[in-house]
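Structure data follow from query15.cif (mmCIF, C-alpha atoms and all ligand atoms):
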data_entry
loop_
_atom_site.label_atom_id
_atom_site.label_comp_id
_atom_site.auth_asym_id
_atom_site.auth_seq_id
_atom_site.Cartn_x
_atom_site.Cartn_y
_atom_site.Cartn_z
CA MET A 145 0.00 0.00 0.00
CA PRO A 146 1.47 3.36 -0.86
CA ARG A 147 2.59 5.17 2.27
CA GLU A 148 0.39 8.20 1.60
CA GLU A 149 -2.68 5.99 1.65
CA SER A 150 -1.99 4.61 5.08
CA ARG A 151 -1.85 7.49 7.54
CA LEU A 152 -2.42 5.27 10.52
CA LEU A 153 -0.45 2.34 9.23
CA PRO A 154 3.25 1.94 9.60
CA SER A 155 5.52 2.10 6.64
CA ALA A 156 7.77 -0.84 7.27
CA HIS A 157 10.82 -1.19 5.17
CA GLY A 158 12.70 -4.11 3.87
CA ARG A 159 16.29 -4.07 5.07
CA ASP A 160 17.77 -5.82 2.11
CA ALA A 161 20.69 -4.53 0.22
CA ARG A 162 19.05 -4.06 -3.18
CA GLY A 163 20.53 -1.11 -4.94
CA LEU A 164 21.88 0.31 -1.75
CA SER A 165 24.84 1.91 -3.34
CA LEU A 166 22.63 3.65 -5.84
CA LEU A 167 19.51 5.05 -4.31
CA VAL A 168 17.63 5.84 -1.19
CA SER A 169 14.72 3.69 -2.24
CA ARG A 170 14.30 4.66 -0.83
CA HIS A 171 4.57 15.59 24.54
CA ILE A 172 3.47 18.82 30.78
CA PRO A 173 3.28 19.78 34.42
CA ALA A 174 2.29 23.37 35.12
CA ALA A 175 5.85 24.65 35.73
CA ALA A 176 7.28 23.13 32.58
CA MET A 177 4.30 24.26 30.60
CA ALA A 178 4.65 27.81 31.88
CA ALA A 179 8.39 27.82 31.08
CA ALA A 180 7.78 26.52 27.58
CA ALA A 181 4.94 28.96 27.02
CA PHE A 182 7.12 31.82 28.18
CA LEU A 183 9.97 30.89 25.91
CA CYS A 184 7.78 30.39 22.93
CA ALA A 185 5.62 33.45 23.47
CA ARG A 186 8.62 35.69 24.15
CA ALA A 187 10.18 34.81 20.87
CA ALA A 188 7.05 34.66 18.81
CA ALA A 189 6.67 37.43 16.74
CA PRO A 190 9.28 21.47 0.28
CA ALA A 191 9.32 19.40 -2.06
CA LEU A 192 7.15 16.22 -2.08
CA LEU A 193 9.01 13.02 -2.56
CA PRO A 194 7.58 9.76 -3.78
CA PRO A 195 6.77 6.78 -1.57
CA SER A 196 8.97 3.74 -1.61
CA ARG A 197 9.57 0.57 0.36
CA GLY A 198 13.23 -0.06 0.00
CA LEU A 199 15.56 1.12 2.74
CA PRO A 200 18.91 2.52 1.86
CA ARG A 201 22.13 2.12 3.63
CA ARG A 202 23.30 5.10 1.70
CA LEU A 203 21.50 8.26 0.74
CA LEU A 204 21.89 9.60 -2.73
CA LEU A 205 22.03 13.35 -2.80
CA ALA A 206 20.65 14.01 -6.22
CA SER A 207 19.86 17.13 -8.19
CA ARG A 208 16.32 18.46 -8.57
CA ALA A 209 16.29 17.09 -12.11
CA THR A 210 17.11 13.66 -10.80
CA ALA A 211 14.44 14.03 -8.13
CA ALA A 212 11.86 14.85 -10.75
CA ALA A 213 12.87 11.84 -12.79
CA LEU A 214 12.67 9.60 -9.74
CA SER A 215 9.38 11.14 -8.71
CA SER A 216 7.75 10.28 -11.96
CA SER A 217 9.27 6.86 -12.35
CA SER A 218 9.30 5.45 -8.84
CA GLY A 219 6.50 3.91 -6.85
CA GLU A 220 5.92 1.00 -4.54
CA GLY A 221 8.55 -1.60 -5.18
CA GLY A 222 10.05 0.66 -7.80
CA GLY A 223 12.91 3.12 -7.82
CA GLY A 224 13.84 5.44 -5.04
CA VAL A 225 13.74 8.87 -3.54
CA GLU A 226 16.39 11.20 -2.33
CA PHE A 227 16.83 14.08 0.06
CA GLN A 228 18.61 17.14 -1.03
CA GLY A 229 19.87 19.84 1.19
CA LYS A 230 21.70 20.30 4.43
CA VAL A 231 20.62 18.58 7.64
CA GLY A 232 21.04 20.06 11.13
CA PHE A 233 21.10 17.96 14.32
CA LEU A 234 20.68 19.45 17.83
CA GLY A 235 21.23 17.23 20.88
CA LEU A 236 23.83 14.49 20.75
CA GLY A 237 22.96 12.34 23.76
CA ILE A 238 22.40 8.59 23.87
CA MET A 239 19.90 8.81 21.03
CA GLY A 240 20.89 11.89 19.07
CA ALA A 241 24.53 10.88 18.52
CA PRO A 242 23.84 7.57 16.76
CA MET A 243 20.97 9.07 14.78
CA ALA A 244 23.17 11.89 13.47
CA SER A 245 25.93 9.40 12.87
CA ASN A 246 23.69 7.28 10.66
CA LEU A 247 22.76 10.34 8.61
CA ILE A 248 26.43 11.16 8.08
CA LYS A 249 27.23 7.57 7.15
CA ALA A 250 24.35 7.68 4.66
CA GLY A 251 26.02 10.56 2.87
CA CYS A 252 24.09 13.51 4.29
CA ASP A 253 25.64 16.93 4.74
CA VAL A 254 25.13 17.20 8.53
CA THR A 255 25.77 20.16 10.85
CA VAL A 256 25.66 19.46 14.61
CA TRP A 257 25.32 21.34 17.90
CA ASN A 258 25.20 20.09 21.48
CA ARG A 259 25.11 21.98 24.80
CA THR A 260 28.21 20.08 25.91
CA LYS A 261 30.40 20.75 22.93
CA SER A 262 32.76 17.80 23.41
CA LYS A 263 29.96 15.41 22.47
CA CYS A 264 30.18 16.82 18.95
CA ASP A 265 33.74 15.56 18.45
CA PRO A 266 32.97 11.97 17.35
CA LEU A 267 30.50 13.34 14.82
CA LEU A 268 32.96 15.92 13.54
CA SER A 269 35.49 13.18 12.99
CA LEU A 270 32.90 11.40 10.86
CA GLY A 271 32.59 14.50 8.66
CA ALA A 272 29.93 16.61 10.35
CA LYS A 273 30.17 20.40 10.45
CA TYR A 274 29.71 22.44 13.66
CA GLU A 275 27.81 25.63 14.43
CA PRO A 276 27.98 27.29 17.86
CA SER A 277 24.23 27.70 18.47
CA PRO A 278 20.89 26.13 17.51
CA ALA A 279 20.04 29.34 15.63
CA GLU A 280 23.15 29.09 13.50
CA VAL A 281 22.52 25.41 12.75
CA ALA A 282 18.94 26.12 11.70
CA SER A 283 20.05 29.09 9.63
CA SER A 284 22.66 27.10 7.75
CA CYS A 285 20.51 24.00 7.12
CA ASP A 286 17.38 23.15 5.16
CA VAL A 287 15.99 20.78 7.77
CA THR A 288 16.98 20.63 11.45
CA PHE A 289 16.34 17.71 13.82
CA ALA A 290 16.29 18.11 17.61
CA MET A 291 16.73 15.29 20.16
CA LEU A 292 16.55 16.89 23.63
CA ALA A 293 16.04 15.49 27.10
CA ASP A 294 12.62 16.82 28.11
CA PRO A 295 9.95 19.48 27.50
CA GLU A 296 12.01 22.24 29.13
CA SER A 297 15.16 21.63 27.07
CA ALA A 298 13.20 21.03 23.85
CA ALA A 299 11.47 24.41 24.31
CA GLU A 300 14.71 26.16 25.27
CA VAL A 301 16.61 24.89 22.25
CA ALA A 302 13.75 25.68 19.87
CA CYS A 303 12.44 28.96 21.30
CA GLY A 304 15.05 30.35 23.69
CA ALA A 305 17.83 32.87 23.13
CA ASN A 306 19.90 31.74 20.14
CA GLY A 307 17.34 28.98 19.72
CA ALA A 308 16.57 27.30 16.43
CA ALA A 309 13.58 29.55 15.69
CA GLU A 310 15.92 32.52 15.38
CA GLY A 311 17.58 30.85 12.40
CA LEU A 312 14.47 29.55 10.66
CA ALA A 313 12.71 31.04 7.67
CA PRO A 314 10.16 30.05 5.03
CA GLY A 315 11.22 26.90 3.14
CA LYS A 316 13.08 25.44 6.12
CA GLY A 317 11.87 22.59 8.33
CA TYR A 318 12.21 21.73 12.04
CA VAL A 319 11.69 18.15 13.23
CA ASP A 320 11.55 17.59 16.99
CA VAL A 321 12.24 13.95 17.78
CA SER A 322 12.45 14.47 21.59
CA THR A 323 9.82 12.89 23.85
CA VAL A 324 7.69 15.76 25.14
CA ASP A 325 4.01 16.31 25.94
CA GLY A 326 1.54 17.55 23.33
CA ALA A 327 1.20 21.02 24.86
CA THR A 328 4.96 21.63 24.64
CA SER A 329 5.04 20.30 21.12
CA LYS A 330 2.24 22.67 20.11
CA LEU A 331 4.04 25.64 21.67
CA ILE A 332 7.23 24.77 19.85
CA GLY A 333 5.29 24.23 16.63
CA GLU A 334 3.61 27.63 16.91
CA ARG A 335 6.94 29.39 17.41
CA ILE A 336 8.52 27.51 14.51
CA THR A 337 5.67 28.21 12.12
CA SER A 338 5.65 31.90 13.13
CA THR A 339 8.97 32.12 11.26
CA GLY A 340 7.40 30.72 8.08
CA ALA A 341 9.19 27.38 8.54
CA SER A 342 7.44 24.00 8.78
CA PHE A 343 7.18 21.86 11.90
CA LEU A 344 6.96 18.12 12.46
CA GLU A 345 6.95 16.32 15.81
CA ALA A 346 8.50 12.89 15.46
CA PRO A 347 9.27 11.16 18.79
CA VAL A 348 10.83 7.75 18.45
CA SER A 349 10.09 4.32 19.80
CA GLY A 350 13.26 2.25 20.22
CA SER A 351 16.31 2.68 22.40
CA LYS A 352 20.10 3.03 22.09
CA LYS A 353 20.67 -0.11 20.01
CA PRO A 354 17.84 0.51 17.52
CA ALA A 355 19.16 4.06 17.19
CA GLU A 356 22.61 2.69 16.39
CA ASP A 357 21.17 0.16 13.97
CA GLY A 358 18.84 2.61 12.20
CA LEU A 359 15.81 0.67 13.40
CA LEU A 360 13.77 3.32 15.20
CA ILE A 361 10.01 3.79 14.84
CA PHE A 362 8.97 7.40 14.13
CA LEU A 363 5.64 8.65 15.49
CA THR A 364 5.14 11.79 13.44
CA ALA A 365 2.50 14.51 13.35
CA GLY A 366 2.29 18.03 12.01
CA ASN A 367 3.17 19.40 8.58
CA GLU A 368 2.56 16.58 6.13
CA SER A 369 4.67 18.10 3.35
CA LEU A 370 7.61 18.22 5.73
CA TYR A 371 6.89 14.63 6.69
CA LYS A 372 7.15 13.61 3.07
CA ARG A 373 10.20 15.76 2.49
CA VAL A 374 12.16 14.21 5.39
CA ALA A 375 10.91 10.65 4.84
CA PRO A 376 14.22 9.55 3.25
CA LEU A 377 16.03 10.81 6.34
CA LEU A 378 13.61 9.07 8.70
CA ASP A 379 14.18 5.93 6.69
CA VAL A 380 17.93 6.15 7.24
CA MET A 381 17.39 6.40 11.01
CA GLY A 382 14.40 4.09 11.38
CA LYS A 383 12.61 0.97 10.24
CA SER A 384 9.12 2.42 10.13
CA ARG A 385 7.22 5.66 10.43
CA PHE A 386 3.64 6.63 11.25
CA TYR A 387 2.00 9.89 10.24
CA LEU A 388 -0.67 10.59 12.88
CA GLY A 389 -2.18 13.93 11.86
CA ASP A 390 -2.20 17.01 14.04
CA VAL A 391 0.67 18.10 16.28
CA GLY A 392 0.20 16.43 19.66
CA ASN A 393 -0.82 13.04 18.32
CA GLY A 394 2.76 11.83 17.93
CA ALA A 395 3.59 13.01 21.44
CA ALA A 396 0.49 11.30 22.85
CA MET A 397 1.25 8.03 21.08
CA LYS A 398 4.80 8.04 22.40
CA LEU A 399 3.62 8.69 25.99
CA VAL A 400 1.11 5.85 25.81
CA VAL A 401 3.78 3.45 24.54
CA ASN A 402 6.23 4.49 27.24
CA MET A 403 3.69 4.30 30.04
CA VAL A 404 3.05 0.68 29.06
CA MET A 405 6.79 0.04 28.98
CA GLY A 406 7.39 1.65 32.38
CA SER A 407 4.67 -0.44 34.02
CA MET A 408 5.93 -3.60 32.33
CA MET A 409 9.40 -3.02 33.72
CA VAL A 410 8.03 -2.64 37.26
CA SER A 411 5.99 -5.83 36.95
CA PHE A 412 9.02 -7.68 35.59
CA SER A 413 11.16 -6.39 38.47
CA GLU A 414 8.59 -7.60 41.02
CA GLY A 415 8.61 -11.03 39.34
CA LEU A 416 12.42 -11.29 39.38
CA LEU A 417 12.56 -10.44 43.09
CA LEU A 418 9.68 -12.72 44.05
CA SER A 419 11.13 -15.65 42.11
CA GLU A 420 14.40 -15.28 44.01
CA LYS A 421 12.64 -14.97 47.37
CA VAL A 422 10.74 -18.22 46.89
CA GLY A 423 13.91 -20.10 45.92
CA LEU A 424 13.70 -20.00 42.13
CA ASP A 425 16.51 -19.01 39.81
CA PRO A 426 15.56 -15.62 38.29
CA ASN A 427 17.62 -16.49 35.21
CA THR A 428 15.25 -19.40 34.64
CA LEU A 429 12.32 -17.02 34.97
CA VAL A 430 13.84 -14.84 32.23
CA GLU A 431 14.18 -17.93 30.02
CA VAL A 432 10.63 -19.14 30.72
CA ILE A 433 9.19 -15.70 29.94
CA SER A 434 11.20 -15.52 26.73
CA GLN A 435 9.48 -18.64 25.41
CA GLY A 436 5.90 -17.74 26.22
CA ALA A 437 3.16 -15.35 25.19
CA ILE A 438 4.51 -12.48 27.34
CA SER A 439 7.91 -12.69 25.70
CA ALA A 440 9.34 -9.25 24.90
CA PRO A 441 12.78 -8.23 23.66
CA MET A 442 12.99 -5.85 26.64
CA PHE A 443 12.80 -8.74 29.16
CA SER A 444 15.37 -10.86 27.33
CA LEU A 445 17.70 -7.91 26.84
CA LYS A 446 17.53 -6.43 30.35
CA GLY A 447 16.73 -9.51 32.48
CA PRO A 448 20.22 -11.08 32.66
CA SER A 449 21.90 -7.85 33.67
CA MET A 450 19.14 -7.02 36.18
CA VAL A 451 19.78 -10.37 37.86
CA LYS A 452 23.41 -9.24 38.23
CA ALA A 453 22.28 -5.82 39.53
CA ALA A 454 23.92 -4.16 36.52
CA TYR A 455 22.11 -1.34 34.76
CA PRO A 456 24.15 -0.08 31.78
CA THR A 457 22.26 2.97 30.55
CA ALA A 458 20.32 2.66 27.33
CA PHE A 459 17.21 4.56 28.46
CA PRO A 460 17.97 6.79 31.46
CA LEU A 461 15.64 6.18 34.41
CA LYS A 462 15.03 9.93 34.73
CA HIS A 463 13.58 9.98 31.22
CA GLN A 464 11.29 7.02 31.97
CA GLN A 465 9.99 8.81 35.07
CA LYS A 466 9.50 11.97 33.01
CA ASP A 467 7.43 10.00 30.50
CA LEU A 468 5.26 8.50 33.27
CA ARG A 469 4.74 11.96 34.74
CA LEU A 470 3.69 13.27 31.34
CA ALA A 471 1.47 10.23 30.70
CA LEU A 472 -0.28 10.79 34.03
CA ALA A 473 -0.97 14.39 33.01
CA LEU A 474 -2.24 13.20 29.63
CA ALA A 475 -4.61 10.73 31.33
CA GLU A 476 -5.77 13.41 33.74
CA SER A 477 -6.56 15.71 30.83
CA VAL A 478 -9.23 13.22 29.70
CA SER A 479 -10.20 12.11 33.24
CA GLN A 480 -8.86 8.59 32.76
CA SER A 481 -7.67 6.60 35.74
CA ILE A 482 -4.29 4.82 35.21
CA PRO A 483 -3.59 3.43 38.71
CA THR A 484 -0.90 0.97 37.64
CA VAL A 485 1.06 3.77 36.00
CA ALA A 486 0.62 5.99 39.07
CA ALA A 487 2.07 3.24 41.28
CA ALA A 488 4.93 2.62 38.85
CA ASN A 489 5.71 6.33 38.77
CA GLU A 490 6.17 6.33 42.56
CA LEU A 491 8.78 3.59 42.24
CA TYR A 492 10.72 5.46 39.56
CA LYS A 493 10.64 8.55 41.79
CA ALA A 494 11.98 6.43 44.67
CA ALA A 495 14.74 5.10 42.39
CA LYS A 496 15.69 8.66 41.46
CA SER A 497 15.97 9.57 45.15
CA LEU A 498 18.37 6.62 45.53
CA GLY A 499 20.70 8.33 43.03
CA LEU A 500 19.74 6.14 40.07
CA ALA A 501 18.44 8.84 37.70
CA ASP A 502 21.21 8.35 35.15
CA HIS A 503 21.21 4.55 35.33
CA ASP A 504 19.12 2.50 32.95
CA PHE A 505 15.41 2.49 33.78
CA SER A 506 15.70 -1.21 34.66
CA ALA A 507 17.38 0.02 37.88
CA VAL A 508 13.85 0.64 39.15
CA ILE A 509 14.23 -2.87 40.64
CA GLU A 510 16.58 -1.30 43.20
CA ALA A 511 13.68 0.78 44.53
CA LEU A 512 11.77 -2.44 45.15
CA LYS A 513 14.79 -3.96 46.89
CA ALA A 514 15.11 -0.89 49.10
CA LYS A 515 11.40 -1.06 49.92
CA ALA A 516 11.70 -4.74 50.85
CA GLN A 517 14.72 -4.02 53.04
CA SER A 518 13.05 -1.15 54.91
CA SER A 519 9.92 -3.23 55.56
CA GLN A 520 12.15 -5.96 57.10
CA GLN A 521 13.70 -3.50 59.55
P1 LIG B 601 20.38 12.00 26.99
O1 LIG B 601 21.45 11.05 26.66
O2 LIG B 601 20.15 12.41 28.42
O3 LIG B 601 20.58 13.31 26.08
C1 LIG B 601 19.83 14.47 26.33
C2 LIG B 601 20.28 15.56 25.36
O4 LIG B 601 19.57 16.77 25.69
C3 LIG B 601 21.77 15.88 25.44
O5 LIG B 601 22.20 16.25 24.19
C4 LIG B 601 21.79 17.08 26.41
O6 LIG B 601 22.91 17.90 26.26
C5 LIG B 601 20.54 17.80 25.93
N1 LIG B 601 20.06 18.75 26.93
C6 LIG B 601 19.54 18.47 28.17
N2 LIG B 601 19.16 19.63 28.79
C7 LIG B 601 19.46 20.65 27.93
C8 LIG B 601 19.30 22.06 27.97
N3 LIG B 601 18.73 22.69 29.05
N4 LIG B 601 19.70 22.78 26.90
C9 LIG B 601 20.25 22.16 25.83
N5 LIG B 601 20.43 20.83 25.71
C10 LIG B 601 20.03 20.08 26.74
O7 LIG B 601 18.94 11.46 26.51
P2 LIG B 601 18.56 10.44 25.34
O8 LIG B 601 18.47 9.09 25.90
O9 LIG B 601 19.37 10.71 24.16
O10 LIG B 601 17.03 10.89 25.08
C11 LIG B 601 16.73 12.07 24.37
C12 LIG B 601 15.21 12.12 24.22
O11 LIG B 601 14.77 10.93 23.57
C13 LIG B 601 14.44 12.18 25.56
O12 LIG B 601 13.28 12.96 25.37
C14 LIG B 601 14.06 10.71 25.80
O13 LIG B 601 12.89 10.58 26.61
C15 LIG B 601 13.83 10.24 24.36
N6 LIG B 601 14.03 8.81 24.11
C16 LIG B 601 15.10 8.15 24.67
C17 LIG B 601 15.27 6.80 24.39
C18 LIG B 601 16.40 5.99 24.98
O14 LIG B 601 16.28 4.76 25.00
N7 LIG B 601 17.50 6.59 25.45
C19 LIG B 601 14.37 6.14 23.55
C20 LIG B 601 13.33 6.86 22.97
C21 LIG B 601 13.17 8.21 23.26
P3 LIG B 601 24.25 17.64 27.13
O15 LIG B 601 25.01 16.61 26.38
O16 LIG B 601 24.91 18.96 27.19
O17 LIG B 601 23.82 17.15 28.52
#
File written out as structure tokens:
Amino acid sequence: MPREESRLLPSAHGRDARGLSLLVSRHIPAAAMAAAAFLCARAAAPALLPPSRGLPRRLLLASRATAAALSSSSGEGGGGVEFQGKVGFLGLGIMGAPMASNLIKAGCDVTVWNRTKSKCDPLLSLGAKYEPSPAEVASSCDVTFAMLADPESAAEVACGANGAAEGLAPGKGYVDVSTVDGATSKLIGERITSTGASFLEAPVSGSKKPAEDGLLIFLTAGNESLYKRVAPLLDVMGKSRFYLGDVGNGAAMKLVVNMVMGSMMVSFSEGLLLSEKVGLDPNTLVEVISQGAISAPMFSLKGPSMVKAAYPTAFPLKHQQKDLRLALALAESVSQSIPTVAAANELYKAAKSLGLADHDFSAVIEALKAKAQSSQQ
């Protein structure tokens, strides 16, 4: 099915190597909300590309003439598409760095910026350019991606002093792939579009390894022309993409997914600890779960290290707690009760107070251990 006909369906891509060398076939608590609103209000004053299924390992930067030829000749299962222009990338943390790296490796002309400048160095050695502020990145690029920690930083980088909006203009695009709440995304979108530029929210499902492997899932919403324009870039960084309509829908989808994940991790942690307490081997529990109907890559991936009390960071616990906090606010906005999520959120908060904010979110099990210990005393 052509991608444009399936707004609510994923566009999954084959990962084969056909023609790879040739073509790219191919979401707020009141304080954060007020800060974002302030930043955005203070500052306020594309070409369509054809659908395709194939996924490139390498992006062909073609001329407009080539694009037109491809546009008319390619379709499902057919030729390919390309992206032309310069790509900016703001925020080079656990997720942003490998995403930008994949764009560079695919042949894109990438310009980077990060608050902590040293994190740009590995990207610069891969061939990226550097600009000293988000505004200068956005000004020098056709499309700018942002992968920031939370609503506050996403709003600051987009709308603050020397923020991206100051460098945007008609014809340019801004794609925020951070996980924020819908209200923040809308505020950012309004500031971006006030410059004449286009805005797309595109939070991702998938963690450090999928980011490294170019296997993320993009949950996009906003300007559909920009969505189509950046599709070849999303396809370099991800395995599938959803276009969900109005700004806020991508953010909401991401929060729902992550609230399920956060609760699952707490339930899994309780199971690991209980199995041990009743004399079972928790490693065997991991194995049993992996073979049954509740099997999930997350359990198989994290279980063995959780048994060893090791929590190498792929998804920082502080970000998981942020997502639960935002999901609770989302649920409250429609008067829905999510008691399991509320209980899980308390455990992540307890884990943060134990100094585990920067550990992987699987370290939430330590909050359960601490609770068990204190109830024994
Ligand atoms: P991370 O490693 O903590 O990186 C956060 C990035 O935001 C860094 O570049 C950091 O810059 C920047 N930042 C933080 N506060 C800032 C501020 N006030 N001004 C400017 N920049 C600021 O986080 P991550 O894991 O890459 O996650 C990034 C986003 O993706 C989050 O919204 C997260 O919820 C979401 N996400 C993460 C995963 C995952 O598995 N890790 C998966 C899906 C979605 P510095 O380097 O200077 O600190």
Cut-off 9 Å: closest chain A/ligand LIG 601 (chain B) atom pairs per residue, using only C-alpha atoms and all ligand atoms, as a Markdown table:
| residue | atom | partner | partner_atom | distance |
| --- | --- | --- | --- | --- |
| A:Leu234 | CA | B:LIG601 | O5 | 7.3 |
| A:Gly235 | CA | B:LIG601 | O5 | 3.6 |
| A:Leu236 | CA | B:LIG601 | O5 | 4.2 |
| A:Gly237 | CA | B:LIG601 | O3 | 3.5 |
| A:Ile238 | CA | B:LIG601 | O9 | 3.7 |
| A:Met239 | CA | B:LIG601 | O9 | 3.7 |
| A:Gly240 | CA | B:LIG601 | O9 | 5.4 |
| A:Ala241 | CA | B:LIG601 | O9 | 7.6 |
| A:Trp257 | CA | B:LIG601 | O5 | 8.7 |
| A:Asn258 | CA | B:LIG601 | O5 | 5.6 |
| A:Arg259 | CA | B:LIG601 | O16 | 3.9 |
| A:Thr260 | CA | B:LIG601 | O16 | 3.7 |
| A:Lys261 | CA | B:LIG601 | O16 | 7.2 |
| A:Ser262 | CA | B:LIG601 | O15 | 8.4 |
| A:Lys263 | CA | B:LIG601 | O15 | 6.4 |
| A:Ala290 | CA | B:LIG601 | O4 | 8.8 |
| A:Met291 | CA | B:LIG601 | C11 | 5.3 |
| A:Leu292 | CA | B:LIG601 | O4 | 3.7 |
| A:Ala293 | CA | B:LIG601 | C13 | 4.0 |
| A:Asp294 | CA | B:LIG601 | O12 | 4.8 |
| A:Pro295 | CA | B:LIG601 | O12 | 7.6 |
| A:Glu296 | CA | B:LIG601 | N3 | 6.7 |
| A:Ser297 | CA | B:LIG601 | N3 | 4.2 |
| A:Ala298 | CA | B:LIG601 | N4 | 7.4 |
| A:Ala299 | CA | B:LIG601 | N4 | 8.8 |
| A:Glu300 | CA | B:LIG601 | N4 | 6.2 |
| A:Val301 | CA | B:LIG601 | C9 | 5.8 |
| A:Val321 | CA | B:LIG601 | O11 | 7.0 |
| A:Ser322 | CA | B:LIG601 | O12 | 4.2 |
| A:Thr323 | CA | B:LIG601 | O12 | 3.8 |
| A:Val324 | CA | B:LIG601 | O12 | 6.3 |
| A:Pro347 | CA | B:LIG601 | C21 | 6.6 |
| A:Val348 | CA | B:LIG601 | C20 | 5.2 |
| A:Ser349 | CA | B:LIG601 | C20 | 5.2 |
| A:Gly350 | CA | B:LIG601 | C19 | 5.2 |
| A:Ser351 | CA | B:LIG601 | O14 | 3.3 |
| A:Lys352 | CA | B:LIG601 | O14 | 5.1 |
| A:Lys353 | CA | B:LIG601 | O14 | 8.2 |
| A:Pro354 | CA | B:LIG601 | O14 | 8.7 |
| A:Ala355 | CA | B:LIG601 | C19 | 8.2 |
| A:Leu360 | CA | B:LIG601 | C20 | 8.5 |
| A:Lys398 | CA | B:LIG601 | C21 | 8.4 |
| A:Asn402 | CA | B:LIG601 | C20 | 8.6 |
| A:Thr457 | CA | B:LIG601 | N7 | 7.9 |
| A:Ala458 | CA | B:LIG601 | O14 | 5.1 |
| A:Phe459 | CA | B:LIG601 | O14 | 3.6 |
| A:Pro460 | CA | B:LIG601 | N7 | 6.0 |
| A:Lys462 | CA | B:LIG601 | O13 | 8.4 |
| A:His463 | CA | B:LIG601 | O13 | 4.7 |
| A:Gln464 | CA | B:LIG601 | O13 | 6.6 |
| A:Lys466 | CA | B:LIG601 | O13 | 7.4 |
| A:Asp467 | CA | B:LIG601 | O13 | 6.7 |
| A:Asp502 | CA | B:LIG601 | O2 | 7.9 |
| A:Asp504 | CA | B:LIG601 | N7 | 8.7 |
Who sits within 9 Å of A:Gly415, only C-alpha atoms, same chain under 5 positions skipped, as a list in words: Val410, Glu420, Pro426 and Leu429 of chain A
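Here atom CA of A:Ala346 is placed at a distance of 6.6 Å from atom CA of A:Ala365.
Across A:Leu363, A:Ala302, A:Leu247, A:Ala396, the tightest approach to A:Val380 is made by A:Leu247 when counting all atoms listed in the file.
Separating atom CA of A:Pro483 from atom CA of A:Ser407 is a distance of 10.3 Å.
With all atoms listed in the file as the atoms that count, the residue of A:Ser477, A:Gln465, A:Asn306, A:Thr328 with the shortest distance to A:Gly406 is A:Gln465.
The shortest atom-to-atom distance to A:Lys513, with only C-alpha atoms taken into account, belongs to A:Glu414 out of A:Asp379, A:Glu490, A:Glu414, A:Asp425.
One distance worth recording is that between atom CA of A:Thr364 and atom CA of A:Cys264, which is 26.1 Å.
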Step by step: locate stretch 297-309 of chain A in the block above, keep C-alpha atoms, then write the file as a short mmCIF file (atom, residue, chain, number, x, y, z; two decimals), in the first residue's frame.
data_model
loop_
_atom_site.label_atom_id
_atom_site.label_comp_id
_atom_site.auth_asym_id
_atom_site.auth_seq_id
_atom_site.Cartn_x
_atom_site.Cartn_y
_atom_site.Cartn_z
CA SER A 297 15.16 21.63 27.07
CA ALA A 298 13.20 21.03 23.85
CA ALA A 299 11.47 24.41 24.31
CA GLU A 300 14.71 26.16 25.27
CA VAL A 301 16.61 24.89 22.25
CA ALA A 302 13.75 25.68 19.87
CA CYS A 303 12.44 28.96 21.30
CA GLY A 304 15.05 30.35 23.69
CA ALA A 305 17.83 32.87 23.13
CA ASN A 306 19.90 31.74 20.14
CA GLY A 307 17.34 28.98 19.72
CA ALA A 308 16.57 27.30 16.43
CA ALA A 309 13.58 29.55 15.69
#
